[in-house]
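Q: Sharing work16.tsv, TSV, C-alpha atoms:
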```tsv
chain	number	residue	atom	x	y	z
A	1	MET	CA	-11.75	-35.21	-18.59
A	2	ALA	CA	-15.05	-33.92	-19.96
A	3	ASP	CA	-16.70	-33.74	-16.56
A	4	LYS	CA	-13.80	-32.03	-14.81
A	5	LEU	CA	-14.83	-28.88	-12.96
A	6	PRO	CA	-12.78	-25.67	-13.19
A	7	LYS	CA	-9.83	-25.06	-10.89
A	8	LEU	CA	-10.71	-23.20	-7.71
A	9	VAL	CA	-8.87	-20.03	-6.64
A	10	PHE	CA	-9.70	-17.79	-3.67
A	11	LEU	CA	-8.62	-14.14	-3.47
A	12	VAL	CA	-8.49	-12.75	0.07
A	13	GLY	CA	-7.11	-9.82	2.03
A	14	CYS	CA	-8.12	-6.90	4.18
A	15	PRO	CA	-10.95	-4.89	2.58
A	16	ARG	CA	-9.72	-1.81	0.66
A	17	SER	CA	-6.45	-3.54	-0.20
A	18	GLY	CA	-7.03	-3.83	-3.94
A	19	THR	CA	-8.92	-7.12	-4.03
A	20	THR	CA	-11.49	-5.82	-6.54
A	21	LEU	CA	-8.79	-4.37	-8.82
A	22	LEU	CA	-6.85	-7.64	-8.86
A	23	GLN	CA	-10.04	-9.67	-9.27
A	24	SER	CA	-10.99	-7.52	-12.27
A	25	MET	CA	-7.63	-8.10	-13.93
A	26	LEU	CA	-7.76	-11.86	-13.45
A	27	ALA	CA	-11.45	-11.98	-14.44
A	28	SER	CA	-10.47	-10.39	-17.76
A	29	HIS	CA	-8.62	-13.59	-18.62
A	30	PRO	CA	-10.52	-15.73	-21.15
A	31	ASP	CA	-10.12	-18.81	-18.94
A	32	VAL	CA	-11.29	-17.23	-15.68
A	33	ALA	CA	-14.85	-16.90	-14.36
A	34	SER	CA	-15.53	-14.68	-11.37
A	35	PHE	CA	-18.62	-13.32	-9.65
A	36	PRO	CA	-19.45	-10.62	-7.08
A	37	GLU	CA	-18.45	-11.31	-3.47
A	38	THR	CA	-20.35	-14.28	-2.06
A	39	LYS	CA	-19.44	-13.74	1.63
A	40	PHE	CA	-20.37	-17.39	1.92
A	41	PHE	CA	-18.21	-18.49	4.84
A	42	ASP	CA	-19.00	-15.41	6.92
A	43	HIS	CA	-22.73	-16.06	6.59
A	44	MET	CA	-22.28	-19.78	7.05
A	45	GLU	CA	-20.94	-19.45	10.61
A	46	PRO	CA	-23.81	-19.68	13.17
A	47	TRP	CA	-22.34	-17.09	15.53
A	48	PHE	CA	-25.56	-16.62	17.50
A	49	GLU	CA	-26.82	-20.20	17.33
A	50	PRO	CA	-24.80	-22.15	19.92
A	51	LYS	CA	-26.42	-25.51	19.16
A	52	ARG	CA	-25.64	-25.25	15.49
A	53	MET	CA	-22.13	-24.05	16.30
A	54	GLY	CA	-21.58	-27.09	18.49
A	55	TRP	CA	-22.84	-29.50	15.84
A	56	GLY	CA	-20.84	-27.89	13.03
A	57	MET	CA	-23.96	-26.89	11.13
A	58	VAL	CA	-24.54	-23.87	8.91
A	59	SER	CA	-26.42	-20.83	10.14
A	60	ARG	CA	-30.09	-20.16	9.45
A	61	ARG	CA	-29.23	-16.87	7.77
A	62	LEU	CA	-27.04	-18.49	5.09
A	63	ARG	CA	-29.88	-19.52	2.81
A	64	VAL	CA	-31.36	-16.02	2.97
A	65	ARG	CA	-28.00	-14.57	1.93
A	66	LEU	CA	-27.66	-17.04	-0.96
A	67	GLU	CA	-31.20	-16.40	-2.16
A	68	GLY	CA	-30.26	-12.74	-2.46
A	69	PHE	CA	-26.94	-13.58	-4.12
A	70	PHE	CA	-28.49	-15.79	-6.80
A	71	ARG	CA	-31.42	-13.45	-7.37
A	72	ASP	CA	-29.88	-9.98	-7.17
A	73	GLU	CA	-26.26	-10.50	-8.15
A	74	LEU	CA	-26.35	-13.43	-10.58
A	75	ASP	CA	-29.93	-12.95	-11.81
A	76	GLN	CA	-30.46	-16.71	-11.56
A	77	PRO	CA	-32.84	-17.21	-8.60
A	78	GLU	CA	-33.57	-20.79	-9.67
A	79	LEU	CA	-30.10	-21.84	-8.55
A	80	ILE	CA	-31.21	-21.74	-4.90
A	81	ASP	CA	-33.11	-24.97	-5.56
A	82	GLN	CA	-29.78	-26.74	-6.05
A	83	LEU	CA	-28.88	-26.16	-2.40
A	84	PRO	CA	-30.07	-28.40	0.45
A	85	ARG	CA	-33.33	-27.27	2.02
A	86	ILE	CA	-32.33	-28.45	5.46
A	87	PHE	CA	-29.62	-26.79	7.52
A	88	ILE	CA	-26.82	-29.33	7.34
A	89	PHE	CA	-23.14	-29.61	8.01
A	90	LYS	CA	-20.70	-26.96	6.83
A	91	GLY	CA	-18.55	-29.18	4.65
A	92	HIS	CA	-21.43	-30.59	2.62
A	93	TYR	CA	-23.12	-27.21	2.19
A	94	SER	CA	-19.84	-25.51	1.22
A	95	ARG	CA	-19.02	-28.11	-1.41
A	96	ARG	CA	-22.53	-27.93	-2.84
A	97	PHE	CA	-22.43	-24.14	-3.13
A	98	ILE	CA	-18.97	-23.97	-4.69
A	99	LYS	CA	-19.95	-26.75	-7.09
A	100	ILE	CA	-22.80	-24.54	-8.34
A	101	LEU	CA	-20.35	-21.71	-9.05
A	102	ARG	CA	-17.87	-24.07	-10.71
A	103	THR	CA	-20.65	-25.46	-12.88
A	104	LEU	CA	-21.57	-21.92	-13.93
A	105	ALA	CA	-17.92	-21.32	-14.79
A	106	LYS	CA	-17.82	-24.52	-16.82
A	107	GLN	CA	-20.95	-23.48	-18.71
A	108	GLN	CA	-19.04	-20.34	-19.67
A	109	TYR	CA	-16.22	-22.58	-20.95
A	110	LYS	CA	-13.86	-21.34	-18.25
A	111	SER	CA	-11.17	-23.50	-16.69
A	112	VAL	CA	-10.80	-21.43	-13.49
A	113	LEU	CA	-13.27	-20.16	-10.90
A	114	LEU	CA	-11.96	-17.16	-8.96
A	115	GLU	CA	-13.88	-16.46	-5.74
A	116	LYS	CA	-13.11	-13.08	-4.20
A	117	THR	CA	-14.37	-12.17	-0.75
A	118	PRO	CA	-11.83	-10.28	1.40
A	119	GLU	CA	-13.41	-11.53	4.65
A	120	HIS	CA	-12.70	-15.12	3.68
A	121	ILE	CA	-9.18	-14.55	4.94
A	122	PHE	CA	-10.64	-15.45	8.36
A	123	TYR	CA	-11.90	-18.79	7.02
A	124	ILE	CA	-8.78	-20.19	5.38
A	125	ASP	CA	-8.97	-23.25	7.65
A	126	TYR	CA	-12.39	-24.06	6.18
A	127	ILE	CA	-11.19	-23.45	2.64
A	128	GLU	CA	-8.21	-25.76	3.04
A	129	LYS	CA	-10.29	-28.42	4.79
A	130	PHE	CA	-13.19	-28.48	2.33
A	131	PHE	CA	-11.21	-27.64	-0.83
A	132	PRO	CA	-7.67	-29.00	-0.36
A	133	ASP	CA	-6.77	-28.44	-4.03
A	134	ALA	CA	-7.73	-24.76	-3.99
A	135	LYS	CA	-5.14	-22.05	-4.44
A	136	ILE	CA	-5.26	-18.87	-2.37
A	137	ILE	CA	-4.04	-15.43	-3.40
A	138	HIS	CA	-3.44	-12.86	-0.64
A	139	ILE	CA	-3.16	-9.17	-1.51
A	140	LEU	CA	-1.67	-6.83	1.10
A	141	ARG	CA	-1.51	-3.05	1.20
A	142	GLY	CA	0.20	-0.56	3.49
A	143	GLY	CA	-1.62	0.13	6.75
A	144	PRO	CA	-2.19	3.91	6.64
A	145	ASP	CA	-3.81	3.80	3.19
A	146	VAL	CA	-6.02	0.83	4.04
A	147	ILE	CA	-7.10	2.30	7.36
A	148	ALA	CA	-7.94	5.64	5.76
A	149	SER	CA	-9.92	3.95	2.99
A	150	LEU	CA	-11.80	1.71	5.43
A	151	TYR	CA	-12.61	4.67	7.64
A	152	GLN	CA	-13.91	6.70	4.71
A	153	VAL	CA	-15.97	4.00	2.98
A	154	THR	CA	-17.63	2.76	6.16
A	155	HIS	CA	-18.68	6.29	7.05
A	156	GLN	CA	-19.93	6.90	3.53
A	157	TYR	CA	-21.82	3.59	3.23
A	158	PRO	CA	-22.45	2.46	6.86
A	159	GLN	CA	-25.45	0.33	5.88
A	160	TRP	CA	-23.17	-2.00	3.91
A	161	TRP	CA	-20.37	-2.19	6.46
A	162	ASP	CA	-22.18	-2.93	9.71
A	163	GLY	CA	-22.00	0.71	10.70
A	164	ALA	CA	-19.29	3.36	10.51
A	165	TRP	CA	-15.96	2.01	11.75
A	166	ASP	CA	-13.84	3.94	14.22
A	167	ILE	CA	-10.07	4.14	13.88
A	168	GLU	CA	-9.49	1.28	16.31
A	169	ARG	CA	-11.67	-1.10	14.34
A	170	CYS	CA	-9.94	-0.19	11.08
A	171	ILE	CA	-6.51	-0.78	12.61
A	172	LYS	CA	-7.61	-4.08	14.15
A	173	ARG	CA	-8.97	-5.43	10.85
A	174	TRP	CA	-5.79	-4.55	8.97
A	175	VAL	CA	-3.46	-6.01	11.59
A	176	GLU	CA	-5.43	-9.25	11.88
A	177	SER	CA	-5.57	-9.71	8.11
A	178	ILE	CA	-1.84	-9.11	7.64
A	179	GLU	CA	-0.91	-11.50	10.43
A	180	ILE	CA	-3.04	-14.26	8.94
A	181	SER	CA	-1.47	-13.79	5.50
A	182	PHE	CA	2.03	-13.90	6.99
A	183	LYS	CA	1.23	-17.26	8.61
A	184	HIS	CA	0.60	-18.77	5.18
A	185	SER	CA	3.64	-17.30	3.48
A	186	GLY	CA	5.74	-19.95	1.75
A	187	LYS	CA	3.01	-22.58	1.51
A	188	PRO	CA	2.76	-24.03	-2.01
A	189	ASN	CA	-0.96	-23.32	-2.40
A	190	HIS	CA	-0.65	-19.71	-1.19
A	191	ILE	CA	0.88	-16.64	-2.80
A	192	LEU	CA	1.26	-13.19	-1.26
A	193	VAL	CA	1.35	-10.04	-3.40
A	194	ARG	CA	1.53	-6.36	-2.59
A	195	TYR	CA	-0.99	-3.84	-3.87
A	196	GLU	CA	1.80	-1.32	-4.32
A	197	ASP	CA	3.65	-3.75	-6.61
A	198	LEU	CA	0.47	-4.33	-8.59
A	199	LEU	CA	0.27	-0.61	-9.29
A	200	LYS	CA	3.94	-0.30	-10.21
A	201	ASN	CA	4.17	-3.31	-12.52
A	202	PRO	CA	0.76	-4.92	-13.13
A	203	ALA	CA	1.84	-7.03	-16.12
A	204	PHE	CA	4.69	-8.70	-14.25
A	205	LEU	CA	2.63	-9.38	-11.16
A	206	VAL	CA	-0.42	-10.73	-12.99
A	207	GLU	CA	1.80	-12.88	-15.20
A	208	GLY	CA	3.22	-14.45	-12.04
A	209	LEU	CA	-0.28	-15.08	-10.72
A	210	CYS	CA	-1.30	-16.72	-13.99
A	211	GLU	CA	1.69	-19.05	-13.62
A	212	PHE	CA	0.65	-19.77	-10.02
A	213	ILE	CA	-2.90	-20.60	-11.15
A	214	GLY	CA	-1.71	-22.60	-14.15
A	215	ILE	CA	-3.03	-20.51	-17.04
A	216	TYR	CA	-1.37	-18.66	-19.90
A	217	PHE	CA	-0.79	-14.93	-19.49
A	218	TYR	CA	-2.34	-12.55	-22.03
A	219	PRO	CA	-1.03	-8.96	-21.74
A	220	LYS	CA	-4.36	-7.64	-23.02
A	221	ILE	CA	-6.09	-8.54	-19.75
A	222	ILE	CA	-4.27	-5.63	-18.09
A	223	GLU	CA	-5.90	-3.27	-20.59
A	224	ASP	CA	-9.37	-4.84	-20.38
A	225	TYR	CA	-9.75	-5.08	-16.61
A	226	SER	CA	-12.19	-2.18	-16.38
A	227	LEU	CA	-14.73	-4.16	-18.43
A	228	ALA	CA	-14.61	-7.07	-16.01
A	229	ALA	CA	-14.79	-4.64	-13.07
A	230	LYS	CA	-18.34	-3.69	-14.03
A	231	LYS	CA	-19.47	-7.27	-13.41
A	232	VAL	CA	-17.74	-7.86	-10.08
A	233	SER	CA	-17.77	-4.46	-8.34
A	234	PHE	CA	-20.53	-3.19	-6.08
A	235	GLU	CA	-20.92	0.57	-6.27
A	236	ALA	CA	-23.61	0.74	-3.57
A	237	ALA	CA	-21.04	-0.37	-0.99
A	238	GLY	CA	-18.18	1.67	-2.36
A	239	ARG	CA	-16.47	-1.32	-3.99
A	240	THR	CA	-15.54	0.17	-7.33
A	241	VAL	CA	-12.51	0.12	-9.60
A	242	ARG	CA	-11.02	3.11	-11.38
A	243	GLN	CA	-10.99	3.04	-15.17
A	244	SER	CA	-7.21	3.47	-15.18
A	245	ILE	CA	-4.49	2.30	-12.84
A	246	GLN	CA	-3.28	5.15	-10.68
A	247	ALA	CA	-0.26	5.44	-8.45
A	248	ASN	CA	-0.72	4.80	-4.78
A	249	HIS	CA	-0.70	7.87	-2.54
A	250	SER	CA	-1.46	8.88	1.04
A	251	GLY	CA	-3.60	11.93	0.34
A	252	LYS	CA	-6.67	10.33	1.91
A	253	PHE	CA	-4.73	9.46	5.06
A	254	ASN	CA	-3.50	13.05	5.44
A	255	SER	CA	-6.87	14.65	4.73
A	256	LEU	CA	-9.05	12.39	6.88
A	257	PHE	CA	-7.02	12.31	10.07
A	258	SER	CA	-5.56	14.95	12.35
A	259	PRO	CA	-1.79	14.96	12.98
A	260	SER	CA	-2.28	13.23	16.34
A	261	GLN	CA	-4.50	10.57	14.75
A	262	GLN	CA	-1.95	10.04	11.99
A	263	GLU	CA	0.81	9.55	14.51
A	264	TYR	CA	-1.33	7.10	16.49
A	265	ILE	CA	-2.11	5.03	13.39
A	266	LEU	CA	1.53	5.00	12.33
A	267	GLU	CA	2.56	3.88	15.82
A	268	GLN	CA	0.00	1.05	15.84
A	269	THR	CA	1.04	-0.26	12.42
A	270	ARG	CA	4.79	0.32	12.60
A	271	SER	CA	5.61	-3.13	13.99
A	272	ILE	CA	4.28	-4.90	10.88
A	273	ASP	CA	6.89	-4.87	8.15
A	274	LEU	CA	5.59	-5.23	4.61
A	275	ASP	CA	9.04	-4.58	3.16
A	276	GLN	CA	9.99	-8.24	3.27
A	277	PRO	CA	10.66	-9.24	-0.35
A	278	GLU	CA	11.28	-12.85	0.58
A	279	ILE	CA	7.62	-13.43	1.48
A	280	PHE	CA	6.03	-11.71	-1.52
A	281	TYR	CA	5.85	-12.46	-5.20
A	282	SER	CA	7.17	-9.14	-6.43
A	283	PRO	CA	8.81	-7.71	-9.56
A	284	PHE	CA	11.03	-5.74	-7.21
A	285	SER	CA	12.45	-8.77	-5.41
A	286	GLN	CA	13.37	-10.81	-8.48
A	287	SER	CA	17.01	-11.20	-9.36
A	288	SER	CA	16.17	-10.64	-13.03
A	289	SER	CA	14.61	-7.23	-12.45
```
Can you dump the structure from the file as structure tokens?
A:
Amino acid sequence: MADKLPKLVFLVGCPRSGTTLLQSMLASHPDVASFPETKFFDHMEPWFEPKRMGWGMVSRRLRVRLEGFFRDELDQPELIDQLPRIFIFKGHYSRRFIKILRTLAKQQYKSVLLEKTPEHIFYIDYIEKFFPDAKIIHILRGGPDVIASLYQVTHQYPQWWDGAWDIERCIKRWVESIEISFKHSGKPNHILVRYEDLLKNPAFLVEGLCEFIGIYFYPKIIEDYSLAAKKVSFEAAGRTVRQSIQANHSGKFNSLFSPSQQEYILEQTRSIDLDQPEIFYSPFSQSSS
């Protein structure tokens, strides 16, 4: 149908798990539109406004966030006028905002809108309630590397991360994110992938994600991802993508933390097993590999 809006796909996971790399690869696809992180649902929740929380209304700070998003990140400040001026219910506001992004994607002749905000992993209930046809991609990465990267980036750019995170906070965020992803494993509108598998065999993994989304796979998007990365990354907050895919390593973990801290982190993350091929889409768990 001529008026049909693009398909909606969300990419979520713990920060520093490869969400920007995977977003860049998928955004290189000629049918996919993607934008910088919206952080929409996190700003929508009226955490410090009990009346609004009770009534299911959006927060007062949401419009301020979206004004900045449209002005500074999309360079289209006039789009804010398409949002309601009154602070209304979450479902209506969410659908209106996502419709704006889908319309932008349609204007670019794209058939898919990919929304990537790692923190939206905590708002999957909202996503499934307000957008029941949406598909959700989870990317997961080993605990020590994520924790080391979170620790480093939040100390380097504390103004963008609500302060410098201590080790406990980094561990807590990783554990919570992984547990949420595991809960959605096996659902038809969800797919779980490993960052380590993306590095080892990007073409296979991205081809599987294209099949999940319902678009044709073009091998060239693996080569062109660095071009798309410039549009969706945010260097000021440390969210950047390397120009070439590099093997995963634990050098940061070993250099940032003392031996006792390393042992503590390993102990706290040991109970979560990411070596479960049955719950991931992986080139290393396929019978044909």
Q: What separation in Å, quoted to one decimal, exists between CA of Phe89 in chain A and CA of Val58 in chain A?
A: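 Atom-to-atom, CA of Phe89 in chain A to CA of Val58 in chain A, that is 6.0 Å.
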Q: I'd like the contact shell of range 123-138 of chain A - 7 Å cut-off, only C-alpha atoms, skipping same-chain residues fewer than 3 positions apart - returned as a PyMOL selection string.
A: chain A and resi 8-13+41+91+95+120+181+189-193
Q: Quick one: write out the picked residues with C-alpha atoms as a PDB file, in the frame of the given file?
A:
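Contents of again_30.pdb, as written:
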```
ATOM      1  CA  LEU A   8     -10.710 -23.200  -7.710  1.00  0.00           C
ATOM      2  CA  VAL A   9      -8.870 -20.030  -6.640  1.00  0.00           C
ATOM      3  CA  PHE A  10      -9.700 -17.790  -3.670  1.00  0.00           C
ATOM      4  CA  LEU A  11      -8.620 -14.140  -3.470  1.00  0.00           C
ATOM      5  CA  VAL A  12      -8.490 -12.750   0.070  1.00  0.00           C
ATOM      6  CA  GLY A  13      -7.110  -9.820   2.030  1.00  0.00           C
ATOM      7  CA  PHE A  41     -18.210 -18.490   4.840  1.00  0.00           C
ATOM      8  CA  GLY A  91     -18.550 -29.180   4.650  1.00  0.00           C
ATOM      9  CA  ARG A  95     -19.020 -28.110  -1.410  1.00  0.00           C
ATOM     10  CA  HIS A 120     -12.700 -15.120   3.680  1.00  0.00           C
ATOM     11  CA  SER A 181      -1.470 -13.790   5.500  1.00  0.00           C
ATOM     12  CA  ASN A 189      -0.960 -23.320  -2.400  1.00  0.00           C
ATOM     13  CA  HIS A 190      -0.650 -19.710  -1.190  1.00  0.00           C
ATOM     14  CA  ILE A 191       0.880 -16.640  -2.800  1.00  0.00           C
ATOM     15  CA  LEU A 192       1.260 -13.190  -1.260  1.00  0.00           C
ATOM     16  CA  VAL A 193       1.350 -10.040  -3.400  1.00  0.00           C
TER      17      VAL A 193
END
```
Q: Can I get the residues of range 10-46 of chain A within 9 Å of range 64-73 of chain A, each with the closest pair of atoms and their distance in Å to one decimal, using only C-alpha atoms, sorted chain first then ascending number, as a Markdown table?
A:
```
| residue | atom | partner | partner_atom | distance |
| --- | --- | --- | --- | --- |
| A:Phe35 | CA | A:Glu73 | CA | 8.3 |
| A:Pro36 | CA | A:Glu73 | CA | 6.9 |
| A:Glu37 | CA | A:Phe69 | CA | 8.8 |
| A:Thr38 | CA | A:Phe69 | CA | 6.9 |
| A:Lys39 | CA | A:Arg65 | CA | 8.6 |
| A:Phe40 | CA | A:Leu66 | CA | 7.8 |
| A:His43 | CA | A:Arg65 | CA | 7.2 |
```
Q: Would you work out the distance separating CA of Gln261 in chain A from CA of Lys172 in chain A, expressed in Å to one decimal?
A: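 Spanning CA of Gln261 in chain A to CA of Lys172 in chain A is a straight-line distance of 15.0 Å.
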Q: Report, in Å with one decimal, the straight-line distance from CA of Trp47 in chain A to CA of Cys170 in chain A.
A: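 Distance reported for this atom pair: 21.4 Å.
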Q: Between A:Val206, A:Ala33, A:Leu140, A:Leu5, which is the closest to Ile221 in chain A once you count all atoms listed in the file?
A: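 Nearest candidate to Ile221 in chain A out of A:Val206, A:Ala33, A:Leu140, A:Leu5: A:Val206.
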Q: At a cut-off of 8 Å, can you tabulate as CSV every residue of range 128-168 of chain A near range 266-274 of chain A together with its closest atom pair and the distance in Å to one decimal, using all atoms listed in the file and ordering rows by chain then number?
A:
```
residue,atom,partner,partner_atom,distance
A:Gly142,CA,A:Leu274,CA,7.2
A:Gly143,CA,A:Thr269,CA,6.3
A:Pro144,CA,A:Leu266,CA,6.9
```
Q: Nearest residue to Tyr216 in chain A out of A:Lys4, A:His29, A:Lys99, A:Arg61, using all atoms listed in the file?
A: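 Once distances to Tyr216 in chain A are computed over all atoms listed in the file, the minimum belongs to A:His29.
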Q: I need every residue sitting at most 8 Å from the point (-6.8, -12.2, -22.4) (coordinates as in the file, only C-alpha atoms considered), written as a PyMOL selection string.
A: chain A and resi 28-30+217-221
Q: Could you name the residues that touch Ile213 in chain A at 9 Å or less, counting only C-alpha atoms, but leaving out those on the same chain fewer than 2 positions away, as a VMD selection string?
A: chain A and resid 7 to 9 112 135 208 to 211 215
